[in-house]
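Colleague: This is the content of coords.pdb (PDB, C-alpha atoms, pLDDT in the B column):
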```
MODEL        1
ATOM      1  CA  MET U   1       3.817 -10.401   4.137  1.00 40.00           C
ATOM      2  CA  SER U   2       3.584 -10.810   7.886  1.00 45.00           C
ATOM      3  CA  LYS U   3       2.770  -7.955  10.222  1.00 48.00           C
ATOM      4  CA  LYS U   4       6.222  -7.957  11.802  1.00 51.00           C
ATOM      5  CA  HIS U   5       7.783  -6.893   8.507  1.00 78.00           C
ATOM      6  CA  ILE U   6       5.656  -3.748   8.260  1.00 87.00           C
ATOM      7  CA  SER U   7       6.790  -0.480   9.772  1.00 93.00           C
ATOM      8  CA  GLN U   8       5.636   3.115   9.557  1.00 95.00           C
ATOM      9  CA  GLU U   9       8.585   3.903   7.301  1.00 94.00           C
ATOM     10  CA  LYS U  10       7.677   1.108   4.870  1.00 94.00           C
ATOM     11  CA  ILE U  11       4.095   2.371   4.777  1.00 96.00           C
ATOM     12  CA  ILE U  12       5.307   5.904   4.100  1.00 96.00           C
ATOM     13  CA  GLN U  13       7.563   4.669   1.301  1.00 94.00           C
ATOM     14  CA  SER U  14       4.617   2.794  -0.197  1.00 94.00           C
ATOM     15  CA  PHE U  15       2.497   5.933   0.053  1.00 96.00           C
ATOM     16  CA  LEU U  16       5.202   7.844  -1.834  1.00 95.00           C
ATOM     17  CA  PHE U  17       5.454   5.098  -4.443  1.00 91.00           C
ATOM     18  CA  SER U  18       1.709   5.173  -5.098  1.00 92.00           C
ATOM     19  CA  ALA U  19       1.511   8.973  -4.962  1.00 93.00           C
ATOM     20  CA  PHE U  20       4.241   9.175  -7.578  1.00 89.00           C
ATOM     21  CA  ASP U  21       2.116   7.129  -9.947  1.00 85.00           C
ATOM     22  CA  LYS U  22      -1.392   8.317  -9.064  1.00 87.00           C
ATOM     23  CA  SER U  23      -0.895  11.554  -7.071  1.00 90.00           C
ATOM     24  CA  ALA U  24      -1.309  11.825  -3.316  1.00 93.00           C
ATOM     25  CA  GLY U  25      -4.976  12.725  -3.556  1.00 92.00           C
ATOM     26  CA  ALA U  26      -5.785   9.686  -5.670  1.00 93.00           C
ATOM     27  CA  THR U  27      -3.829   7.264  -3.485  1.00 94.00           C
ATOM     28  CA  SER U  28      -6.072   5.119  -1.326  1.00 94.00           C
ATOM     29  CA  LEU U  29      -5.345   2.858   1.618  1.00 94.00           C
ATOM     30  CA  THR U  30      -6.077  -0.051  -0.698  1.00 94.00           C
ATOM     31  CA  ASP U  31      -3.346   1.153  -3.065  1.00 94.00           C
ATOM     32  CA  ILE U  32      -0.842   1.316  -0.218  1.00 95.00           C
ATOM     33  CA  ALA U  33      -1.844  -2.086   1.113  1.00 93.00           C
ATOM     34  CA  ASP U  34      -1.504  -3.573  -2.369  1.00 93.00           C
ATOM     35  CA  VAL U  35       2.056  -2.245  -2.666  1.00 91.00           C
ATOM     36  CA  LEU U  36       2.891  -3.845   0.679  1.00 92.00           C
ATOM     37  CA  GLU U  37       0.919  -7.015  -0.129  1.00 91.00           C
ATOM     38  CA  ILE U  38      -1.045  -6.823   3.108  1.00 92.00           C
ATOM     39  CA  LYS U  39      -4.669  -6.338   4.068  1.00 91.00           C
ATOM     40  CA  LYS U  40      -5.870  -2.743   4.275  1.00 92.00           C
ATOM     41  CA  ALA U  41      -6.930  -3.216   7.882  1.00 92.00           C
ATOM     42  CA  SER U  42      -3.323  -3.945   8.843  1.00 92.00           C
ATOM     43  CA  LEU U  43      -2.415  -0.339   8.114  1.00 94.00           C
ATOM     44  CA  TYR U  44      -4.417   0.735  11.150  1.00 94.00           C
ATOM     45  CA  ASN U  45      -1.922  -1.060  13.351  1.00 93.00           C
ATOM     46  CA  HIS U  46       0.491   1.758  12.464  1.00 94.00           C
ATOM     47  CA  PHE U  47      -1.656   4.787  11.594  1.00 95.00           C
ATOM     48  CA  GLU U  48      -5.051   5.768  12.920  1.00 94.00           C
ATOM     49  CA  SER U  49      -6.150   7.256   9.599  1.00 94.00           C
ATOM     50  CA  ARG U  50      -5.110   8.094   6.077  1.00 94.00           C
ATOM     51  CA  ASP U  51      -4.702  11.729   7.122  1.00 95.00           C
ATOM     52  CA  ALA U  52      -2.239  10.668   9.816  1.00 96.00           C
ATOM     53  CA  MET U  53      -0.331   8.695   7.193  1.00 96.00           C
ATOM     54  CA  TYR U  54      -0.264  11.711   4.881  1.00 97.00           C
ATOM     55  CA  GLU U  55       1.056  13.976   7.651  1.00 97.00           C
ATOM     56  CA  ALA U  56       3.701  11.413   8.616  1.00 97.00           C
ATOM     57  CA  THR U  57       4.799  11.249   4.980  1.00 97.00           C
ATOM     58  CA  LEU U  58       5.263  15.002   4.903  1.00 97.00           C
ATOM     59  CA  ASP U  59       7.276  14.861   8.141  1.00 98.00           C
ATOM     60  CA  PHE U  60       9.415  12.067   6.717  1.00 97.00           C
ATOM     61  CA  CYS U  61      10.069  14.039   3.525  1.00 97.00           C
ATOM     62  CA  SER U  62      10.883  17.155   5.522  1.00 97.00           C
ATOM     63  CA  ALA U  63      13.506  15.339   7.602  1.00 97.00           C
ATOM     64  CA  GLU U  64      15.098  13.599   4.612  1.00 96.00           C
ATOM     65  CA  ILE U  65      15.186  16.646   2.329  1.00 96.00           C
ATOM     66  CA  ALA U  66      16.686  18.718   5.152  1.00 95.00           C
ATOM     67  CA  LEU U  67      19.721  16.409   5.041  1.00 95.00           C
ATOM     68  CA  VAL U  68      20.491  17.305   1.430  1.00 94.00           C
ATOM     69  CA  ASN U  69      23.346  19.766   1.065  1.00 95.00           C
ATOM     70  CA  PHE U  70      24.495  21.754  -1.931  1.00 96.00           C
ATOM     71  CA  LEU U  71      27.912  22.005  -0.342  1.00 93.00           C
ATOM     72  CA  PHE U  72      29.932  18.840   0.038  1.00 88.00           C
ATOM     73  CA  ASP U  73      32.470  18.218   2.769  1.00 84.00           C
ATOM     74  CA  LYS U  74      35.440  20.590   2.598  1.00 89.00           C
ATOM     75  CA  THR U  75      33.921  22.746  -0.167  1.00 92.00           C
ATOM     76  CA  ILE U  76      34.869  25.955   1.582  1.00 92.00           C
ATOM     77  CA  GLU U  77      38.310  24.578   2.406  1.00 90.00           C
ATOM     78  CA  SER U  78      38.854  23.677  -1.251  1.00 90.00           C
ATOM     79  CA  ILE U  79      38.124  27.272  -2.257  1.00 91.00           C
ATOM     80  CA  LYS U  80      40.827  28.471   0.095  1.00 86.00           C
ATOM     81  CA  THR U  81      43.440  25.894  -0.895  1.00 88.00           C
ATOM     82  CA  ASN U  82      42.800  25.465  -4.627  1.00 80.00           C
ATOM     83  CA  ARG U  83      42.712  27.947  -7.482  1.00 77.00           C
ATOM     84  CA  LEU U  84      39.334  26.819  -8.724  1.00 83.00           C
ATOM     85  CA  LEU U  85      37.319  29.281 -10.745  1.00 88.00           C
ATOM     86  CA  PRO U  86      33.807  29.912  -9.394  1.00 92.00           C
ATOM     87  CA  GLN U  87      32.371  28.563 -12.662  1.00 93.00           C
ATOM     88  CA  THR U  88      34.271  25.284 -12.269  1.00 93.00           C
ATOM     89  CA  LEU U  89      33.131  24.766  -8.694  1.00 95.00           C
ATOM     90  CA  PHE U  90      29.501  25.600  -9.406  1.00 96.00           C
ATOM     91  CA  LYS U  91      29.479  23.221 -12.370  1.00 95.00           C
ATOM     92  CA  ARG U  92      30.573  20.384 -10.094  1.00 94.00           C
ATOM     93  CA  LEU U  93      28.141  21.300  -7.340  1.00 96.00           C
ATOM     94  CA  ILE U  94      25.151  21.744  -9.644  1.00 96.00           C
ATOM     95  CA  THR U  95      25.783  18.407 -11.361  1.00 94.00           C
ATOM     96  CA  ARG U  96      26.047  16.675  -7.996  1.00 94.00           C
ATOM     97  CA  TYR U  97      22.896  18.402  -6.691  1.00 94.00           C
ATOM     98  CA  PHE U  98      20.831  17.323  -9.690  1.00 92.00           C
ATOM     99  CA  ASN U  99      22.142  13.770  -9.393  1.00 89.00           C
ATOM    100  CA  LEU U 100      21.059  13.638  -5.749  1.00 90.00           C
ATOM    101  CA  PHE U 101      17.473  14.606  -6.555  1.00 89.00           C
ATOM    102  CA  GLU U 102      17.139  12.216  -9.473  1.00 83.00           C
ATOM    103  CA  SER U 103      17.923   9.214  -7.260  1.00 82.00           C
ATOM    104  CA  GLU U 104      15.359   7.084  -5.450  1.00 78.00           C
ATOM    105  CA  PRO U 105      13.800   7.765  -2.966  1.00 84.00           C
ATOM    106  CA  LEU U 106      14.656  11.485  -2.939  1.00 91.00           C
ATOM    107  CA  PHE U 107      13.228  11.756  -6.434  1.00 90.00           C
ATOM    108  CA  GLN U 108       9.838  10.541  -5.202  1.00 91.00           C
ATOM    109  CA  MET U 109       9.956  12.735  -2.102  1.00 95.00           C
ATOM    110  CA  TYR U 110      10.793  15.879  -4.049  1.00 94.00           C
ATOM    111  CA  SER U 111       8.066  15.129  -6.575  1.00 92.00           C
ATOM    112  CA  PHE U 112       5.566  14.570  -3.742  1.00 95.00           C
ATOM    113  CA  VAL U 113       6.447  17.745  -1.842  1.00 96.00           C
ATOM    114  CA  TYR U 114       6.695  19.897  -4.960  1.00 92.00           C
ATOM    115  CA  THR U 115       3.170  18.855  -5.992  1.00 92.00           C
ATOM    116  CA  GLU U 116       1.644  19.096  -2.521  1.00 96.00           C
ATOM    117  CA  GLN U 117       3.013  22.587  -1.818  1.00 95.00           C
ATOM    118  CA  PHE U 118       0.067  23.991  -3.749  1.00 94.00           C
ATOM    119  CA  PHE U 119      -2.393  22.280  -1.412  1.00 94.00           C
ATOM    120  CA  ASN U 120      -0.641  21.956   1.934  1.00 96.00           C
ATOM    121  CA  LEU U 121       1.137  24.580   4.064  1.00 97.00           C
ATOM    122  CA  LYS U 122       3.561  22.059   5.552  1.00 97.00           C
ATOM    123  CA  ALA U 123       4.657  20.979   2.079  1.00 97.00           C
ATOM    124  CA  LEU U 124       5.032  24.627   1.094  1.00 97.00           C
ATOM    125  CA  GLN U 125       7.252  25.209   4.125  1.00 97.00           C
ATOM    126  CA  ILE U 126       9.458  22.263   3.159  1.00 97.00           C
ATOM    127  CA  VAL U 127      10.003  23.836  -0.258  1.00 95.00           C
ATOM    128  CA  ARG U 128      10.685  27.230   1.311  1.00 95.00           C
ATOM    129  CA  ASN U 129      13.187  25.701   3.723  1.00 96.00           C
ATOM    130  CA  LEU U 130      14.972  24.039   0.811  1.00 96.00           C
ATOM    131  CA  ASN U 131      15.119  27.345  -1.043  1.00 95.00           C
ATOM    132  CA  GLN U 132      16.461  29.160   2.000  1.00 96.00           C
ATOM    133  CA  LYS U 133      19.075  26.523   2.742  1.00 97.00           C
ATOM    134  CA  LEU U 134      20.354  26.524  -0.833  1.00 97.00           C
ATOM    135  CA  SER U 135      20.604  30.306  -0.862  1.00 97.00           C
ATOM    136  CA  GLN U 136      22.516  30.283   2.433  1.00 96.00           C
ATOM    137  CA  GLU U 137      24.953  27.658   1.186  1.00 97.00           C
ATOM    138  CA  ILE U 138      25.576  29.569  -2.029  1.00 97.00           C
ATOM    139  CA  ARG U 139      26.158  32.685   0.026  1.00 95.00           C
ATOM    140  CA  LYS U 140      28.863  30.830   1.989  1.00 95.00           C
ATOM    141  CA  ILE U 141      30.560  29.913  -1.285  1.00 95.00           C
ATOM    142  CA  LEU U 142      30.524  33.482  -2.544  1.00 94.00           C
ATOM    143  CA  VAL U 143      31.829  34.772   0.787  1.00 93.00           C
ATOM    144  CA  ALA U 144      34.693  32.272   0.628  1.00 93.00           C
ATOM    145  CA  PHE U 145      35.635  33.508  -2.852  1.00 93.00           C
ATOM    146  CA  VAL U 146      35.432  37.111  -1.647  1.00 91.00           C
ATOM    147  CA  ASP U 147      37.622  36.328   1.372  1.00 90.00           C
ATOM    148  CA  CYS U 148      40.212  34.772  -0.942  1.00 89.00           C
ATOM    149  CA  ASP U 149      40.059  37.859  -3.140  1.00 87.00           C
ATOM    150  CA  ARG U 150      38.840  35.757  -6.069  1.00 86.00           C
ATOM    151  CA  ILE U 151      35.684  37.768  -6.710  1.00 89.00           C
ATOM    152  CA  LYS U 152      34.608  41.264  -5.818  1.00 85.00           C
ATOM    153  CA  ILE U 153      31.167  41.938  -4.339  1.00 80.00           C
ATOM    154  CA  LEU U 154      30.475  45.464  -3.242  1.00 73.00           C
ATOM    155  CA  ASN U 155      28.174  45.027  -0.264  1.00 88.00           C
ATOM    156  CA  GLU U 156      25.899  42.704   1.734  1.00 91.00           C
ATOM    157  CA  ARG U 157      22.874  43.505  -0.379  1.00 91.00           C
ATOM    158  CA  GLU U 158      24.687  42.581  -3.560  1.00 91.00           C
ATOM    159  CA  LEU U 159      25.929  39.392  -1.926  1.00 92.00           C
ATOM    160  CA  ASN U 160      22.396  38.424  -0.918  1.00 93.00           C
ATOM    161  CA  ASP U 161      21.009  39.299  -4.345  1.00 93.00           C
ATOM    162  CA  PHE U 162      23.547  37.121  -6.149  1.00 94.00           C
ATOM    163  CA  SER U 163      22.942  34.239  -3.717  1.00 95.00           C
ATOM    164  CA  LEU U 164      19.178  34.416  -4.224  1.00 95.00           C
ATOM    165  CA  SER U 165      19.506  34.719  -7.993  1.00 94.00           C
ATOM    166  CA  ILE U 166      21.756  31.668  -8.277  1.00 96.00           C
ATOM    167  CA  SER U 167      19.655  29.543  -5.914  1.00 96.00           C
ATOM    168  CA  SER U 168      16.450  30.523  -7.721  1.00 94.00           C
ATOM    169  CA  ILE U 169      17.905  29.500 -11.079  1.00 94.00           C
ATOM    170  CA  ILE U 170      19.082  26.136  -9.745  1.00 95.00           C
ATOM    171  CA  LEU U 171      15.760  25.286  -8.090  1.00 93.00           C
ATOM    172  CA  GLN U 172      13.729  26.446 -11.072  1.00 92.00           C
ATOM    173  CA  GLN U 173      15.728  24.175 -13.344  1.00 92.00           C
ATOM    174  CA  ILE U 174      15.438  21.275 -10.890  1.00 91.00           C
ATOM    175  CA  ASP U 175      11.657  21.739 -10.845  1.00 90.00           C
ATOM    176  CA  PHE U 176      11.552  21.452 -14.644  1.00 88.00           C
ATOM    177  CA  TYR U 177      14.044  18.610 -14.590  1.00 87.00           C
ATOM    178  CA  ILE U 178      12.117  16.553 -12.026  1.00 87.00           C
ATOM    179  CA  ALA U 179       8.784  17.185 -13.732  1.00 85.00           C
ATOM    180  CA  ASN U 180      10.129  16.075 -17.112  1.00 84.00           C
ATOM    181  CA  ARG U 181      11.971  13.115 -15.631  1.00 82.00           C
ATOM    182  CA  LYS U 182       8.839  12.028 -13.771  1.00 82.00           C
ATOM    183  CA  GLU U 183       6.919  11.981 -17.019  1.00 79.00           C
ATOM    184  CA  THR U 184       9.696   9.946 -18.655  1.00 78.00           C
ATOM    185  CA  VAL U 185       9.563   7.459 -15.798  1.00 75.00           C
ATOM    186  CA  ARG U 186       5.788   7.168 -15.967  1.00 73.00           C
ATOM    187  CA  LEU U 187       5.970   6.513 -19.707  1.00 74.00           C
ATOM    188  CA  ASN U 188       8.445   3.683 -19.072  1.00 71.00           C
ATOM    189  CA  PRO U 189       6.689   1.536 -16.446  1.00 62.00           C
ATOM    190  CA  GLU U 190       8.502  -1.566 -17.638  1.00 58.00           C
ATOM    191  CA  SER U 191      11.671  -0.267 -15.978  1.00 53.00           C
ATOM    192  CA  GLY U 192      10.145  -0.891 -12.546  1.00 50.00           C
ATOM    193  CA  VAL U 193      11.499  -0.124  -9.107  1.00 46.00           C
ATOM    194  CA  GLY U 194      15.212  -0.690  -8.840  1.00 46.00           C
ATOM    195  CA  THR U 195      15.989  -0.062 -12.502  1.00 45.00           C
ATOM    196  CA  LEU U 196      13.597   2.849 -12.742  1.00 46.00           C
ATOM    197  CA  PHE U 197      16.145   5.342 -11.515  1.00 49.00           C
ATOM    198  CA  ALA U 198      18.977   3.852 -13.524  1.00 56.00           C
ATOM    199  CA  LEU U 199      17.803   5.983 -16.417  1.00 61.00           C
ATOM    200  CA  PRO U 200      20.676   8.179 -17.636  1.00 63.00           C
ATOM    201  CA  SER U 201      20.884  11.750 -16.415  1.00 66.00           C
ATOM    202  CA  ASP U 202      19.548  14.425 -18.724  1.00 72.00           C
ATOM    203  CA  ASP U 203      22.849  16.155 -19.400  1.00 79.00           C
ATOM    204  CA  ASN U 204      21.151  18.844 -21.486  1.00 84.00           C
ATOM    205  CA  ALA U 205      18.972  19.916 -18.573  1.00 84.00           C
ATOM    206  CA  ILE U 206      21.916  19.999 -16.193  1.00 90.00           C
ATOM    207  CA  GLU U 207      23.996  21.942 -18.718  1.00 92.00           C
ATOM    208  CA  LYS U 208      21.188  24.471 -19.078  1.00 91.00           C
ATOM    209  CA  ALA U 209      21.235  25.078 -15.324  1.00 93.00           C
ATOM    210  CA  ILE U 210      25.018  25.419 -15.357  1.00 95.00           C
ATOM    211  CA  LYS U 211      24.960  27.899 -18.252  1.00 95.00           C
ATOM    212  CA  SER U 212      22.300  29.998 -16.522  1.00 94.00           C
ATOM    213  CA  VAL U 213      24.361  30.181 -13.336  1.00 95.00           C
ATOM    214  CA  GLU U 214      27.499  30.986 -15.321  1.00 94.00           C
ATOM    215  CA  ALA U 215      25.628  33.930 -16.847  1.00 93.00           C
ATOM    216  CA  ILE U 216      25.016  35.272 -13.342  1.00 92.00           C
ATOM    217  CA  LEU U 217      28.619  34.659 -12.319  1.00 91.00           C
ATOM    218  CA  SER U 218      29.824  36.562 -15.383  1.00 89.00           C
ATOM    219  CA  LEU U 219      28.401  39.700 -13.790  1.00 88.00           C
ATOM    220  CA  LEU U 220      30.879  39.355 -10.924  1.00 84.00           C
ATOM    221  CA  GLN U 221      34.427  40.666 -11.049  1.00 76.00           C
ATOM    222  CA  ILE U 222      36.286  37.345 -11.061  1.00 69.00           C
ATOM    223  CA  LYS U 223      40.041  37.459 -10.583  1.00 67.00           C
TER
ENDMDL
END
```
Can you give me the file's structure in the form of structure tokens?
Modeller:
Amino acid sequence: MSKKHISQEKIIQSFLFSAFDKSAGATSLTDIADVLEIKKASLYNHFESRDAMYEATLDFCSAEIALVNFLFDKTIESIKTNRLLPQTLFKRLITRYFNLFESEPLFQMYSFVYTEQFFNLKALQIVRNLNQKLSQEIRKILVAFVDCDRIKILNERELNDFSLSISSIILQQIDFYIANRKETVRLNPESGVGTLFALPSDDNAIEKAIKSVEAILSLLQIK
């Protein structure tokens, strides 16, 4: 592969690909060069060191994961115009959210960041930002239902508690889901890139997340 076809983003994607299989710590420059089918020395045309490549990968993951939304366009508007039950809406949103994270390359990025959070403060902050964003989006949903007089929440503290509880359940289940799915993928190397993420969704895992959230919603006064 000629030099002109190599970019920092392609190197980062190759780093993620190798880290998914071997872990970030075990991924060498040789591994990355092999994925790209170039000489290891060519990597230095784009990054001064492996550490710089690692940091750039974290920055890339941070930017991409920040674009992921639990809410879809017009979610709040749909609450105001339709008579959807909170359980029905959350079921749709949770299913969609899981499907987003099981798709390449977000699947690899989430797996990378989730693992590295225990060793790197930047990775930990990415996870914290994701948690905070999800909680804020869920809070917007609950507020919309309250404004439409569909559910009754007594005060701001209760609103925040419910938002945090629901977001924590969703992210906990995603963590388990991604970890189990990663192991499934690694045990099926013959699927390869491209068909790798065509594996069917684990409906049982998604349903477990939905049921857990529904249990929280059952504590609300839904009208």
Colleague: Would you mind listing what lies within 9 Å of range 53-67 of chain U as a PyMOL selection string, with only C-alpha atoms counted and same-chain residues fewer than 3 positions away left out?
Modeller: chain U and resi 8-9+11-13+15-16+24+46-50+106+109-110+112-113+122-123+125-127+129-130+133
Colleague: Using C-alpha atoms, can you export the residues from the last selection as a CSV table (one decimal), keeping the file's coordinate frame?
Modeller:
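Below is the file that was written, out.csv:
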```csv
chain,number,residue,atom,x,y,z
U,8,GLN,CA,5.6,3.1,9.6
U,9,GLU,CA,8.6,3.9,7.3
U,11,ILE,CA,4.1,2.4,4.8
U,12,ILE,CA,5.3,5.9,4.1
U,13,GLN,CA,7.6,4.7,1.3
U,15,PHE,CA,2.5,5.9,0.1
U,16,LEU,CA,5.2,7.8,-1.8
U,24,ALA,CA,-1.3,11.8,-3.3
U,46,HIS,CA,0.5,1.8,12.5
U,47,PHE,CA,-1.7,4.8,11.6
U,48,GLU,CA,-5.1,5.8,12.9
U,49,SER,CA,-6.2,7.3,9.6
U,50,ARG,CA,-5.1,8.1,6.1
U,106,LEU,CA,14.7,11.5,-2.9
U,109,MET,CA,10.0,12.7,-2.1
U,110,TYR,CA,10.8,15.9,-4.0
U,112,PHE,CA,5.6,14.6,-3.7
U,113,VAL,CA,6.4,17.7,-1.8
U,122,LYS,CA,3.6,22.1,5.6
U,123,ALA,CA,4.7,21.0,2.1
U,125,GLN,CA,7.3,25.2,4.1
U,126,ILE,CA,9.5,22.3,3.2
U,127,VAL,CA,10.0,23.8,-0.3
U,129,ASN,CA,13.2,25.7,3.7
U,130,LEU,CA,15.0,24.0,0.8
U,133,LYS,CA,19.1,26.5,2.7
```
Colleague: Which protein, DNA or RNA residues are at most 7 Å from (22.5, 14.8, -14.0) in the file's coordinates when you count only C-alpha atoms, listed as a ChimeraX atom specification?
Modeller: /U:95,98-99,201-203,206
Colleague: Apply the PyMOL selection byres ((chain U and resi 215-222) around 12) to the displayed file and report the matching residues as a VMD selection string.
Modeller: chain U and resid 83 to 91 138 142 145 to 146 148 to 154 158 to 159 161 to 170 208 to 214 223
Colleague: Can you tell me how far CA of Lys140 in chain U sits from CA of Gln117 in chain U, in Å to one decimal?
Modeller: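 Going from CA of Lys140 in chain U over to CA of Gln117 in chain U covers 27.4 Å.
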Colleague: Using all atoms listed in the file, which residue out of U:Ile178, U:Ser14, U:Ala26, U:Glu156 lies closest to Ser103 in chain U?
Modeller: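 Checking each of U:Ile178, U:Ser14, U:Ala26, U:Glu156 against Ser103 in chain U, counting all atoms listed in the file, the winner is U:Ile178.
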Colleague: How many Å separate CA of Lys10 in chain U from CA of Leu36 in chain U?
Modeller: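 Interatomic distance, CA of Lys10 in chain U to CA of Leu36 in chain U: 8.1 Å.
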Colleague: How far is it from CA of Asn180 in chain U to CA of Glu102 in chain U, in Å with one decimal?
Modeller: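 Here the two named atoms are 11.1 Å from each other.
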Colleague: Specify as JSON, numbers by chain each residue included when the PyMOL selection byres ((chain U and resi 37) around 12) is applied to this file.
Modeller: {"U": [1, 2, 3, 5, 6, 10, 11, 14, 29, 30, 31, 32, 33, 34, 35, 36, 38, 39, 40, 41, 42, 43]}
Colleague: Got time to write the residues from that selection, C-alpha atoms, as a PDB file, keeping the file's coordinate frame?
Modeller:
```pdb
ATOM      1  CA  MET U   1       3.817 -10.401   4.137  1.00 40.00           C
ATOM      2  CA  SER U   2       3.584 -10.810   7.886  1.00 45.00           C
ATOM      3  CA  LYS U   3       2.770  -7.955  10.222  1.00 48.00           C
ATOM      4  CA  HIS U   5       7.783  -6.893   8.507  1.00 78.00           C
ATOM      5  CA  ILE U   6       5.656  -3.748   8.260  1.00 87.00           C
ATOM      6  CA  LYS U  10       7.677   1.108   4.870  1.00 94.00           C
ATOM      7  CA  ILE U  11       4.095   2.371   4.777  1.00 96.00           C
ATOM      8  CA  SER U  14       4.617   2.794  -0.197  1.00 94.00           C
ATOM      9  CA  LEU U  29      -5.345   2.858   1.618  1.00 94.00           C
ATOM     10  CA  THR U  30      -6.077  -0.051  -0.698  1.00 94.00           C
ATOM     11  CA  ASP U  31      -3.346   1.153  -3.065  1.00 94.00           C
ATOM     12  CA  ILE U  32      -0.842   1.316  -0.218  1.00 95.00           C
ATOM     13  CA  ALA U  33      -1.844  -2.086   1.113  1.00 93.00           C
ATOM     14  CA  ASP U  34      -1.504  -3.573  -2.369  1.00 93.00           C
ATOM     15  CA  VAL U  35       2.056  -2.245  -2.666  1.00 91.00           C
ATOM     16  CA  LEU U  36       2.891  -3.845   0.679  1.00 92.00           C
ATOM     17  CA  ILE U  38      -1.045  -6.823   3.108  1.00 92.00           C
ATOM     18  CA  LYS U  39      -4.669  -6.338   4.068  1.00 91.00           C
ATOM     19  CA  LYS U  40      -5.870  -2.743   4.275  1.00 92.00           C
ATOM     20  CA  ALA U  41      -6.930  -3.216   7.882  1.00 92.00           C
ATOM     21  CA  SER U  42      -3.323  -3.945   8.843  1.00 92.00           C
ATOM     22  CA  LEU U  43      -2.415  -0.339   8.114  1.00 94.00           C
TER      23      LEU U  43
END
```
Colleague: Output range 153-158 of chain U as a PDB file, in the coordinates of the input, making sure all heavy atoms are there.
Modeller:
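Result saved to out_17.pdb:
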```
ATOM      1  N   ILE U 153      32.573  41.596  -4.555  1.00 80.00           N
ATOM      2  CA  ILE U 153      31.167  41.938  -4.339  1.00 80.00           C
ATOM      3  C   ILE U 153      31.150  43.188  -3.472  1.00 80.00           C
ATOM      4  O   ILE U 153      31.830  43.253  -2.445  1.00 80.00           O
ATOM      5  CB  ILE U 153      30.396  40.781  -3.674  1.00 80.00           C
ATOM      6  CG1 ILE U 153      30.329  39.588  -4.640  1.00 80.00           C
ATOM      7  CG2 ILE U 153      28.982  41.210  -3.296  1.00 80.00           C
ATOM      8  CD1 ILE U 153      29.563  38.402  -4.113  1.00 80.00           C
ATOM      9  N   LEU U 154      30.386  44.151  -3.858  1.00 73.00           N
ATOM     10  CA  LEU U 154      30.475  45.464  -3.242  1.00 73.00           C
ATOM     11  C   LEU U 154      29.939  45.536  -1.811  1.00 73.00           C
ATOM     12  O   LEU U 154      30.525  46.158  -0.946  1.00 73.00           O
ATOM     13  CB  LEU U 154      29.753  46.496  -4.119  1.00 73.00           C
ATOM     14  CG  LEU U 154      30.326  46.674  -5.531  1.00 73.00           C
ATOM     15  CD1 LEU U 154      29.492  47.687  -6.303  1.00 73.00           C
ATOM     16  CD2 LEU U 154      31.781  47.135  -5.460  1.00 73.00           C
ATOM     17  N   ASN U 155      28.800  44.884  -1.571  1.00 88.00           N
ATOM     18  CA  ASN U 155      28.174  45.027  -0.264  1.00 88.00           C
ATOM     19  C   ASN U 155      27.296  43.828   0.065  1.00 88.00           C
ATOM     20  O   ASN U 155      27.132  42.911  -0.765  1.00 88.00           O
ATOM     21  CB  ASN U 155      27.347  46.316  -0.212  1.00 88.00           C
ATOM     22  CG  ASN U 155      26.376  46.423  -1.385  1.00 88.00           C
ATOM     23  OD1 ASN U 155      25.600  45.518  -1.643  1.00 88.00           O
ATOM     24  ND2 ASN U 155      26.439  47.539  -2.115  1.00 88.00           N
ATOM     25  N   GLU U 156      26.721  43.818   1.272  1.00 91.00           N
ATOM     26  CA  GLU U 156      25.899  42.704   1.734  1.00 91.00           C
ATOM     27  C   GLU U 156      24.650  42.517   0.858  1.00 91.00           C
ATOM     28  O   GLU U 156      24.245  41.396   0.576  1.00 91.00           O
ATOM     29  CB  GLU U 156      25.479  42.933   3.186  1.00 91.00           C
ATOM     30  CG  GLU U 156      26.579  42.704   4.202  1.00 91.00           C
ATOM     31  CD  GLU U 156      26.989  41.251   4.273  1.00 91.00           C
ATOM     32  OE1 GLU U 156      26.100  40.385   4.354  1.00 91.00           O
ATOM     33  OE2 GLU U 156      28.198  40.971   4.234  1.00 91.00           O
ATOM     34  N   ARG U 157      24.071  43.608   0.452  1.00 91.00           N
ATOM     35  CA  ARG U 157      22.874  43.505  -0.379  1.00 91.00           C
ATOM     36  C   ARG U 157      23.186  42.818  -1.705  1.00 91.00           C
ATOM     37  O   ARG U 157      22.428  41.968  -2.170  1.00 91.00           O
ATOM     38  CB  ARG U 157      22.288  44.897  -0.636  1.00 91.00           C
ATOM     39  CG  ARG U 157      21.030  44.870  -1.499  1.00 91.00           C
ATOM     40  CD  ARG U 157      20.431  46.248  -1.658  1.00 91.00           C
ATOM     41  NE  ARG U 157      19.248  46.203  -2.518  1.00 91.00           N
ATOM     42  CZ  ARG U 157      18.502  47.265  -2.820  1.00 91.00           C
ATOM     43  NH1 ARG U 157      18.820  48.451  -2.324  1.00 91.00           N
ATOM     44  NH2 ARG U 157      17.456  47.135  -3.611  1.00 91.00           N
ATOM     45  N   GLU U 158      24.286  43.202  -2.301  1.00 91.00           N
ATOM     46  CA  GLU U 158      24.687  42.581  -3.560  1.00 91.00           C
ATOM     47  C   GLU U 158      24.987  41.097  -3.357  1.00 91.00           C
ATOM     48  O   GLU U 158      24.626  40.260  -4.193  1.00 91.00           O
ATOM     49  CB  GLU U 158      25.912  43.294  -4.123  1.00 91.00           C
ATOM     50  CG  GLU U 158      26.268  42.850  -5.534  1.00 91.00           C
ATOM     51  CD  GLU U 158      27.437  43.636  -6.102  1.00 91.00           C
ATOM     52  OE1 GLU U 158      28.393  43.921  -5.336  1.00 91.00           O
ATOM     53  OE2 GLU U 158      27.412  43.962  -7.300  1.00 91.00           O
TER      54      GLU U 158
END
```
